[in-house]
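Student: Please find final.cif (mmCIF, C-alpha atoms and all ligand atoms) on the next line:
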data_target
#
loop_
_atom_site.label_atom_id
_atom_site.label_comp_id
_atom_site.auth_asym_id
_atom_site.auth_seq_id
_atom_site.Cartn_x
_atom_site.Cartn_y
_atom_site.Cartn_z
CA MET O 41 114.22 78.59 297.87
CA GLY O 42 115.63 77.48 301.19
CA GLY O 43 116.73 73.91 301.80
CA ILE O 44 117.07 72.37 305.26
CA ARG O 45 120.35 70.95 306.48
CA ASP O 46 119.97 71.47 310.20
CA TRP O 47 116.92 69.61 311.53
CA LYS O 48 117.46 70.42 315.20
CA GLY O 49 114.28 71.90 316.67
CA ARG O 50 112.34 71.77 313.37
CA THR O 51 108.74 70.69 313.63
CA VAL O 52 107.95 68.12 310.94
CA TRP O 53 104.75 66.26 309.99
CA ILE O 54 105.27 63.09 307.98
CA THR O 55 102.31 61.09 306.64
CA GLY O 56 102.82 57.42 305.89
CA ALA O 57 105.24 57.18 308.82
CA SER O 58 104.31 53.64 309.89
CA SER O 59 106.29 51.92 307.14
CA GLY O 60 108.85 52.17 304.34
CA ILE O 61 110.18 55.56 303.22
CA GLY O 62 108.10 57.61 305.69
CA ARG O 63 109.10 55.48 308.66
CA THR O 64 112.81 55.60 307.83
CA LEU O 65 112.66 59.36 307.20
CA ALA O 66 110.85 59.92 310.52
CA VAL O 67 113.48 57.95 312.44
CA ARG O 68 116.37 59.75 310.71
CA LEU O 69 114.90 63.22 311.33
CA ALA O 70 114.10 62.44 314.97
CA SER O 71 117.69 61.27 315.45
CA GLN O 72 118.86 64.63 314.05
CA GLY O 73 116.84 66.55 316.65
CA ALA O 74 113.63 67.30 314.75
CA TRP O 75 110.26 67.24 316.54
CA VAL O 76 108.50 64.69 314.35
CA PHE O 77 104.77 64.01 314.16
CA GLY O 78 104.20 60.69 312.39
CA SER O 79 100.89 59.81 310.77
CA ALA O 80 99.38 56.62 309.39
CA ARG O 81 96.32 54.46 310.09
CA ASP O 82 98.29 51.82 312.00
CA ALA O 83 98.24 53.32 315.51
CA ALA O 84 100.17 50.39 317.03
CA ALA O 85 103.09 50.88 314.63
CA LEU O 86 103.12 54.59 315.47
CA ARG O 87 103.18 53.84 319.21
CA GLU O 88 106.23 51.61 318.64
CA LEU O 89 107.93 54.50 316.84
CA GLN O 90 107.13 56.74 319.78
CA ALA O 91 108.59 54.30 322.28
CA ALA O 92 111.76 53.66 320.28
CA HIS O 93 112.42 57.04 318.67
CA GLY O 94 110.27 59.69 320.39
CA ILE O 95 108.16 60.30 317.28
CA GLU O 96 104.75 61.75 318.21
CA PRO O 97 102.00 59.40 317.03
CA LEU O 98 99.26 61.08 315.04
CA PRO O 99 97.01 58.31 313.73
CA CYS O 100 94.76 59.43 310.87
CA ASP O 101 93.51 58.46 307.45
CA VAL O 102 94.58 60.80 304.63
CA SER O 103 91.51 59.83 302.61
CA ASP O 104 89.29 61.21 305.41
CA HIS O 105 89.05 65.00 305.42
CA ALA O 106 87.84 65.30 309.04
CA SER O 107 90.54 62.95 310.28
CA MET O 108 93.26 65.15 308.74
CA LEU O 109 91.83 68.35 310.21
CA ALA O 110 91.71 66.67 313.63
CA ALA O 111 95.36 65.58 313.28
CA ALA O 112 96.40 69.13 312.39
CA GLY O 113 94.44 70.38 315.42
CA HIS O 114 96.55 68.13 317.60
CA ILE O 115 99.77 69.61 316.16
CA ARG O 116 98.39 73.12 316.78
CA GLU O 117 97.74 72.27 320.43
CA ARG O 118 101.15 70.65 320.93
CA ALA O 119 103.45 72.81 318.81
CA GLY O 120 101.47 75.83 317.58
CA SER O 121 103.08 75.71 314.14
CA LEU O 122 104.84 73.49 311.65
CA ASP O 123 108.11 73.92 309.72
CA VAL O 124 107.97 71.05 307.24
CA LEU O 125 105.21 68.84 305.81
CA VAL O 126 106.17 65.61 304.07
CA ALA O 127 103.02 64.32 302.34
CA ASN O 128 104.25 60.80 301.79
CA ALA O 129 101.32 58.45 302.49
CA GLY O 130 100.53 56.37 299.45
CA THR O 131 99.23 53.14 298.07
CA CYS O 132 99.64 51.17 294.86
CA GLU O 133 97.25 48.90 292.99
CA TYR O 134 97.87 47.63 289.48
CA VAL O 135 95.17 47.50 286.84
CA ASP O 136 94.04 44.38 285.00
CA VAL O 137 92.39 45.65 281.83
CA GLN O 138 90.60 42.27 281.43
CA ALA O 139 88.77 42.98 284.68
CA PHE O 140 88.60 46.75 284.46
CA ASP O 141 87.38 48.15 287.76
CA SER O 142 86.86 51.86 288.25
CA THR O 143 86.56 51.45 292.03
CA LEU O 144 90.27 50.58 292.08
CA PHE O 145 90.99 54.01 290.55
CA GLU O 146 88.81 55.66 293.18
CA ARG O 147 90.71 53.93 296.00
CA VAL O 148 94.13 54.86 294.65
CA MET O 149 93.20 58.46 293.80
CA ARG O 150 91.56 58.94 297.18
CA VAL O 151 94.82 58.16 299.01
CA ASN O 152 97.56 59.33 296.62
CA PHE O 153 95.94 62.48 295.28
CA GLN O 154 92.95 63.54 297.41
CA GLY O 155 94.83 62.37 300.51
CA ALA O 156 97.69 64.74 299.74
CA VAL O 157 95.21 67.55 299.11
CA HIS O 158 93.54 66.89 302.48
CA THR O 159 96.97 66.86 304.12
CA VAL O 160 98.02 70.17 302.56
CA GLU O 161 94.72 71.81 303.54
CA ALA O 162 95.15 70.69 307.14
CA ALA O 163 98.82 71.71 307.31
CA LEU O 164 98.72 75.08 305.54
CA PRO O 165 97.62 77.24 308.50
CA LEU O 166 100.26 75.57 310.68
CA LEU O 167 102.97 76.11 308.07
CA ARG O 168 101.90 79.76 307.69
CA ALA O 169 102.26 80.14 311.47
CA GLY O 170 105.89 78.99 311.14
CA LYS O 171 108.82 80.51 309.27
CA THR O 172 110.36 77.62 307.33
CA ARG O 173 107.33 76.76 305.16
CA VAL O 174 108.39 73.60 303.33
CA ILE O 175 105.93 71.24 301.63
CA ALA O 176 107.42 68.06 300.14
CA GLY O 177 105.05 65.72 298.34
CA VAL O 178 106.18 62.18 297.56
CA GLY O 179 105.15 61.44 294.00
CA SER O 180 106.82 58.93 291.71
CA THR O 181 108.85 58.66 288.53
CA ALA O 182 105.86 56.56 287.36
CA ALA O 183 104.10 59.91 286.85
CA TRP O 184 106.39 60.72 283.94
CA THR O 185 105.31 58.13 281.40
CA GLY O 186 102.39 55.71 280.95
CA LEU O 187 103.80 52.46 282.29
CA PRO O 188 102.07 49.07 281.94
CA ARG O 189 99.27 48.39 284.46
CA ALA O 190 99.95 51.76 286.11
CA GLU O 191 96.79 53.46 284.78
CA ALA O 192 95.61 54.22 288.33
CA TYR O 193 98.88 54.58 290.27
CA GLY O 194 100.65 56.60 287.57
CA ALA O 195 97.62 58.85 287.04
CA SER O 196 97.33 59.52 290.78
CA LYS O 197 101.01 60.50 290.94
CA ALA O 198 100.79 62.61 287.76
CA ALA O 199 97.85 64.45 289.37
CA LEU O 200 99.91 64.92 292.52
CA HIS O 201 102.87 66.30 290.52
CA TYR O 202 100.58 68.78 288.75
CA PHE O 203 99.01 69.80 292.06
CA LEU O 204 102.44 70.45 293.60
CA GLU O 205 103.67 72.40 290.58
CA SER O 206 100.65 74.70 290.66
CA LEU O 207 100.88 75.01 294.43
CA ARG O 208 104.51 76.10 294.03
CA VAL O 209 103.45 78.94 291.74
CA ASP O 210 100.78 80.10 294.18
CA LEU O 211 102.75 79.75 297.42
CA THR O 212 106.25 80.91 296.46
CA GLY O 213 105.23 84.54 297.07
CA GLU O 214 104.50 83.63 300.70
CA GLY O 215 107.99 82.21 301.13
CA PHE O 216 107.04 78.54 300.68
CA THR O 217 109.34 75.91 299.23
CA VAL O 218 107.24 73.24 297.49
CA GLN O 219 109.11 70.10 296.47
CA THR O 220 108.06 67.18 294.31
CA ILE O 221 109.88 64.00 295.30
CA ALA O 222 109.93 61.32 292.60
CA PRO O 223 111.51 58.03 293.68
CA GLY O 224 112.19 55.09 291.38
CA PHE O 225 111.85 51.59 292.84
CA VAL O 226 112.59 51.42 296.58
CA GLU O 227 112.63 48.32 298.81
CA THR O 228 109.53 48.74 300.96
CA PRO O 229 106.41 46.69 301.74
CA LEU O 230 104.75 48.54 298.83
CA THR O 231 107.13 47.11 296.23
CA ASP O 232 107.67 43.79 298.04
CA ARG O 233 104.22 42.88 296.66
CA ASN O 234 105.25 43.46 293.03
CA ASP O 235 105.43 40.40 290.79
CA PHE O 236 107.67 41.94 288.11
CA ALA O 237 111.34 42.86 287.78
CA MET O 238 112.14 46.25 289.30
CA PRO O 239 115.25 47.70 287.66
CA MET O 240 117.70 49.57 289.89
CA ARG O 241 115.58 49.07 293.02
CA ILE O 242 117.38 50.71 295.94
CA SER O 243 117.27 50.18 299.70
CA VAL O 244 115.00 52.36 301.78
CA ASP O 245 118.07 53.83 303.55
CA ALA O 246 119.59 54.86 300.22
CA ALA O 247 116.24 56.39 299.20
CA VAL O 248 116.08 58.44 302.40
CA ASP O 249 119.69 59.59 301.83
CA TYR O 250 118.57 60.96 298.45
CA LEU O 251 115.43 62.43 300.00
CA LEU O 252 117.37 64.21 302.74
CA ALA O 253 119.83 65.57 300.16
CA GLY O 254 116.83 66.80 298.16
CA LEU O 255 115.33 68.52 301.20
CA ALA O 256 118.74 70.08 301.91
CA SER O 257 118.94 71.39 298.34
CA GLY O 258 115.50 72.99 298.35
CA ARG O 259 115.23 72.01 294.67
CA PRO O 260 111.64 72.00 293.40
CA GLU O 261 112.01 68.57 291.77
CA VAL O 262 113.95 65.76 293.40
CA ASP O 263 114.22 62.35 291.74
CA PHE O 264 116.30 59.25 292.37
CA PRO O 265 118.23 57.06 291.92
CA PRO O 266 119.83 59.19 289.18
CA ALA O 267 120.63 56.26 286.85
CA PHE O 268 116.99 55.14 286.89
CA SER O 269 115.35 58.57 286.69
CA GLY O 270 117.84 59.57 283.96
CA ALA O 271 116.94 56.50 281.90
CA LEU O 272 113.21 57.14 282.36
CA ARG O 273 113.67 60.78 281.40
CA THR O 274 115.37 59.65 278.18
CA LEU O 275 112.55 57.16 277.46
CA ARG O 276 110.08 60.00 277.81
CA LEU O 277 111.82 61.83 274.98
CA LEU O 278 111.13 58.96 272.54
CA PRO O 279 108.20 59.27 270.15
CA VAL O 280 105.09 57.90 271.83
CA SER O 281 104.63 55.13 269.22
CA LEU O 282 108.16 53.85 269.85
CA ARG O 283 107.64 54.02 273.62
CA ASN O 284 104.42 52.07 273.25
CA ARG O 285 106.19 49.31 271.28
CA LEU O 286 108.97 49.16 273.88
CA TYR O 287 106.56 48.86 276.82
CA GLN O 288 104.54 46.19 275.00
CA ARG O 289 107.71 44.19 274.55
CA LEU O 290 108.39 44.58 278.28
CA VAL O 291 104.90 43.27 279.10
CA ARG O 292 105.29 40.28 276.75
CA LYS O 293 108.67 39.47 278.30
CA ALA O 294 107.13 39.57 281.79
CA GLU O 295 104.38 37.16 280.67
N1 LIG O 301 108.58 52.06 297.22
C1 LIG O 301 108.72 52.59 296.02
O1 LIG O 301 109.35 52.00 295.13
C2 LIG O 301 108.11 53.93 295.70
C3 LIG O 301 108.43 54.50 294.46
C4 LIG O 301 107.89 55.73 294.13
C5 LIG O 301 107.06 56.38 295.02
N2 LIG O 301 106.77 55.80 296.22
C6 LIG O 301 105.86 56.52 297.11
O2 LIG O 301 106.46 56.66 298.37
C7 LIG O 301 105.45 56.77 299.36
C8 LIG O 301 105.76 55.80 300.50
O3 LIG O 301 105.69 54.49 299.98
P1 LIG O 301 106.48 53.26 300.59
O4 LIG O 301 107.15 52.58 299.47
O5 LIG O 301 107.25 53.66 301.77
O6 LIG O 301 105.21 52.33 300.97
P2 LIG O 301 104.74 51.62 302.32
O7 LIG O 301 105.88 51.01 303.04
O8 LIG O 301 103.60 50.77 301.90
O9 LIG O 301 104.22 52.86 303.19
C9 LIG O 301 103.05 53.53 302.86
C10 LIG O 301 102.67 54.38 304.05
O10 LIG O 301 101.49 55.13 303.71
C11 LIG O 301 100.54 54.94 304.76
N3 LIG O 301 99.18 55.03 304.23
C12 LIG O 301 98.62 54.32 303.23
N4 LIG O 301 97.32 54.64 303.11
C13 LIG O 301 97.07 55.58 304.05
C14 LIG O 301 95.91 56.30 304.43
N5 LIG O 301 94.73 56.12 303.83
N6 LIG O 301 96.01 57.19 305.46
C15 LIG O 301 97.19 57.37 306.09
N7 LIG O 301 98.32 56.72 305.77
C16 LIG O 301 98.24 55.83 304.77
C17 LIG O 301 100.84 53.56 305.32
O11 LIG O 301 100.39 53.45 306.66
P3 LIG O 301 99.05 52.70 307.13
O12 LIG O 301 98.84 51.53 306.24
O13 LIG O 301 99.36 52.36 308.57
O14 LIG O 301 97.98 53.74 307.02
C18 LIG O 301 102.35 53.56 305.29
O15 LIG O 301 102.86 54.21 306.42
C19 LIG O 301 104.12 56.48 298.65
O16 LIG O 301 103.47 57.69 298.34
C20 LIG O 301 104.56 55.78 297.39
O17 LIG O 301 103.64 55.91 296.33
C21 LIG O 301 107.27 54.59 296.58
#
Would you write out, as structure tokens, the structure that this file holds?
Ligand SMILES: NC(=O)c1ccc[n+]([C@@H]2O[C@H](COP(=O)([O-])OP(=O)(O)OC[C@H]3O[C@@H](n4cnc5c(N)ncnc54)[C@H](OP(=O)(O)O)[C@@H]3O)[C@@H](O)[C@H]2O)c1
Tutor:
Amino acid sequence: MGGIRDWKGRTVWITGASSGIGRTLAVRLASQGAWVFGSARDAAALRELQAAHGIEPLPCDVSDHASMLAAAGHIRERAGSLDVLVANAGTCEYVDVQAFDSTLFERVMRVNFQGAVHTVEAALPLLRAGKTRVIAGVGSTAAWTGLPRAEAYGASKAALHYFLESLRVDLTGEGFTVQTIAPGFVETPLTDRNDFAMPMRISVDAAVDYLLAGLASGRPEVDFPPAFSGALRTLRLLPVSLRNRLYQRLVRKAE
């Protein structure tokens, strides 16, 4: 499994590049000489990234199959192939079980899971035309354990983790490196909206440091920050009834 340390001349497609982790990663990779295609729905934000950092704007909606195929067609015309895909676009909505709404689940799954599937479908022929063949999907440590109000977000990320793990099995023979990136809490517009305490929340620059180290390592599973992911991993080892009591106490404390 090859990791990437030298980004000079690498062709990279990052979804969710208009904001947060994806934006910071796009800027860092462009500054290291990568040819970065940045996707999101916000075309104006992408144009600003182009003007300031030379990132190629590729506006699209990951939840829209045709839009993703069209974006990949643009990369084919411009670059012919792709070295690295970072399927990072994502959204978060928390569930209120008193007003249970299945359409919320549909929205979240459509971006976080189906969106990543659309992205991989669109990128695969381009990655096969290249030699590096890296797919990194940005999941979440929330996928590891059933956290309060995360019925939709956590499930979408658990589905994404499963998808990536299976994909790894099926693509390794073709020389692909498939990586699952699982951040803890990171300071971005996505978590700025949260109304609860976020333990060990890290800056977006620190998160991208970890992400770049993970891409350099080529490790199949990359999670950070280590203190947070280590604690969550330990929690996951507890009997489910004990975990349930603990999380309920957390919810009561927050109320
Ligand atoms: N921040 C955290 O604590 C944290 C923790 C674990 C995992 N993550 C994951 O990290 C990834 C990036 O999140 P972030 O924190 O950087 O959030 P963010 O600042 O809100 O960025 C999300 C990005 O995804 C894009 N996006 C959302 N829906 C899209 C759609 N339908 N089509 C195309 N692009 C879409 C947004 O662009 P447009 O709105 O312009 O489309 C934006 O560029 C997400 O997958 C998130 O779940 C974040």
Student: What gap, in Å, lies between CA of Ala246 in chain O and CA of Ala127 in chain O?
Tutor: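 Separation between CA of Ala246 in chain O and CA of Ala127 in chain O: 19.2 Å.
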Student: Tell me, in Å to one decimal, how far CA of Gly56 in chain O is from atom O4 of ligand LIG 301 (chain O).
Tutor: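 So the two atoms, CA of Gly56 in chain O and atom O4 of ligand LIG 301 (chain O), lie 9.1 Å apart.
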Student: Step by step, measure atom-to-atom distances between ligand LIG 301 (chain O) and each residue using all atoms listed in the file, keep those at most 7 Å, then write them as a compact mmCIF listing (two decimals) with C-alpha atoms, in the coordinates of the input.
Tutor:
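Output below, filename selection_31.txt:
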# COMPACT_ATOMS: atom_id res chain seq x y z
CA THR O 55 102.31 61.09 306.64
CA GLY O 56 102.82 57.42 305.89
CA ALA O 57 105.24 57.18 308.82
CA SER O 58 104.31 53.64 309.89
CA SER O 59 106.29 51.92 307.14
CA GLY O 60 108.85 52.17 304.34
CA ILE O 61 110.18 55.56 303.22
CA GLY O 62 108.10 57.61 305.69
CA ARG O 63 109.10 55.48 308.66
CA SER O 79 100.89 59.81 310.77
CA ALA O 80 99.38 56.62 309.39
CA ARG O 81 96.32 54.46 310.09
CA ASP O 82 98.29 51.82 312.00
CA CYS O 100 94.76 59.43 310.87
CA ASP O 101 93.51 58.46 307.45
CA VAL O 102 94.58 60.80 304.63
CA SER O 103 91.51 59.83 302.61
CA ASN O 128 104.25 60.80 301.79
CA ALA O 129 101.32 58.45 302.49
CA GLY O 130 100.53 56.37 299.45
CA THR O 131 99.23 53.14 298.07
CA CYS O 132 99.64 51.17 294.86
CA VAL O 151 94.82 58.16 299.01
CA ASN O 152 97.56 59.33 296.62
CA VAL O 178 106.18 62.18 297.56
CA GLY O 179 105.15 61.44 294.00
CA SER O 180 106.82 58.93 291.71
CA THR O 181 108.85 58.66 288.53
CA ALA O 222 109.93 61.32 292.60
CA PRO O 223 111.51 58.03 293.68
CA GLY O 224 112.19 55.09 291.38
CA PHE O 225 111.85 51.59 292.84
CA VAL O 226 112.59 51.42 296.58
CA GLU O 227 112.63 48.32 298.81
CA THR O 228 109.53 48.74 300.96
CA PRO O 229 106.41 46.69 301.74
CA LEU O 230 104.75 48.54 298.83
CA THR O 231 107.13 47.11 296.23
Student: Using only C-alpha atoms, find the one residue out of O:Gly177, O:Pro188, O:Pro266, O:Gly94 that sits nearest to Tyr287 in chain O.
Tutor: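 Ranked by minimum distance to Tyr287 in chain O, first place goes to O:Pro188.
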Student: Mind pulling up the distance from CA of Glu161 in chain O to CA of Arg116 in chain O?
Tutor: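 Interatomic distance here is 13.8 Å.
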Student: Determine, counting all atoms listed in the file, which protein, DNA and RNA residues have an atom within 12 Å of an atom of Glu117 in chain O; residues of the same chain fewer than 6 positions away are not included. Present the result as JSON, numbers by chain.
Tutor: {"O": [110, 111, 166]}
Student: Need to verify the contact set: Glu261 in chain O, 9 Å, only C-alpha atoms, exclusion of same-chain residues closer than 6 positions in sequence. Can you return it as a PDB file with C-alpha atoms, in the coordinates of the input?
Tutor:
ATOM      1  CA  VAL O 218     107.240  73.240 297.490  1.00  0.00           C
ATOM      2  CA  GLN O 219     109.110  70.100 296.470  1.00  0.00           C
ATOM      3  CA  THR O 220     108.060  67.180 294.310  1.00  0.00           C
ATOM      4  CA  ILE O 221     109.880  64.000 295.300  1.00  0.00           C
ATOM      5  CA  ALA O 222     109.930  61.320 292.600  1.00  0.00           C
ATOM      6  CA  GLY O 254     116.830  66.800 298.160  1.00  0.00           C
TER       7      GLY O 254
END
Student: Which protein, DNA or RNA residues have an atom at most 10 Å from (99.7, 65.6, 293.3), counting all atoms listed in the file? List them as a ChimeraX atom specification.
Tutor: /O:127,149,152-157,177-180,183,195-207,220
Student: Identify which of the residues O:Arg68, O:Arg45, O:Arg276, O:Arg150 lies closest to Gly258 in chain O, counting only C-alpha atoms when measuring atom-to-atom distances.
Tutor: O:Arg45
Student: May I ask which of the residues O:Pro279, O:Pro239, O:Ala84, O:Arg147 is the closest one to Ala267 in chain O, counting all atoms listed in the file?
Tutor: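 Closest to Ala267 in chain O of all the choices is O:Pro239.
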Student: Would you please work out which residue, of O:Ala74, O:Val262, O:Leu98, O:Ala139, is nearest to Val248 in chain O when using all atoms listed in the file?
Tutor: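 Result for the nearest residue to Val248 in chain O: O:Val262.
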Student: Check the smallest atom-to-atom distance from each of O:His114, O:Arg173, O:Glu191, O:Arg168 to Ser142 in chain O using all atoms listed in the file, then report the winner.
Tutor: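 Between O:His114, O:Arg173, O:Glu191, O:Arg168, the residue approaching Ser142 in chain O most closely is O:Glu191.
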Student: Write out as a list in words each polymer residue whose atoms come within 10 Å of Asp249 in chain O, counting only C-alpha atoms; drop sequence neighbours fewer than 6 positions from it.
Tutor: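 Residues meeting the cut-off are Thr64, Leu65, Arg68, Ser243 and Leu255 of chain O.
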Student: Show me as JSON, numbers by chain the residues that reach within 12 Å of (104.9, 50.1, 283.0), counting all atoms listed in the file and using the file's own coordinates.
Tutor: {"O": [134, 135, 181, 182, 183, 184, 185, 186, 187, 188, 189, 190, 191, 192, 193, 194, 236, 237, 238, 239, 272, 275, 283, 284, 285, 286, 287, 288, 289, 290, 291, 292, 294]}
Student: If we count only C-alpha atoms, what is near Thr217 in chain O at a cut-off of 7 Å, once residues fewer than 5 positions away on the same chain are taken out, given as a VMD selection string?
Tutor: chain O and resid 41 to 42 173 to 175 212 258
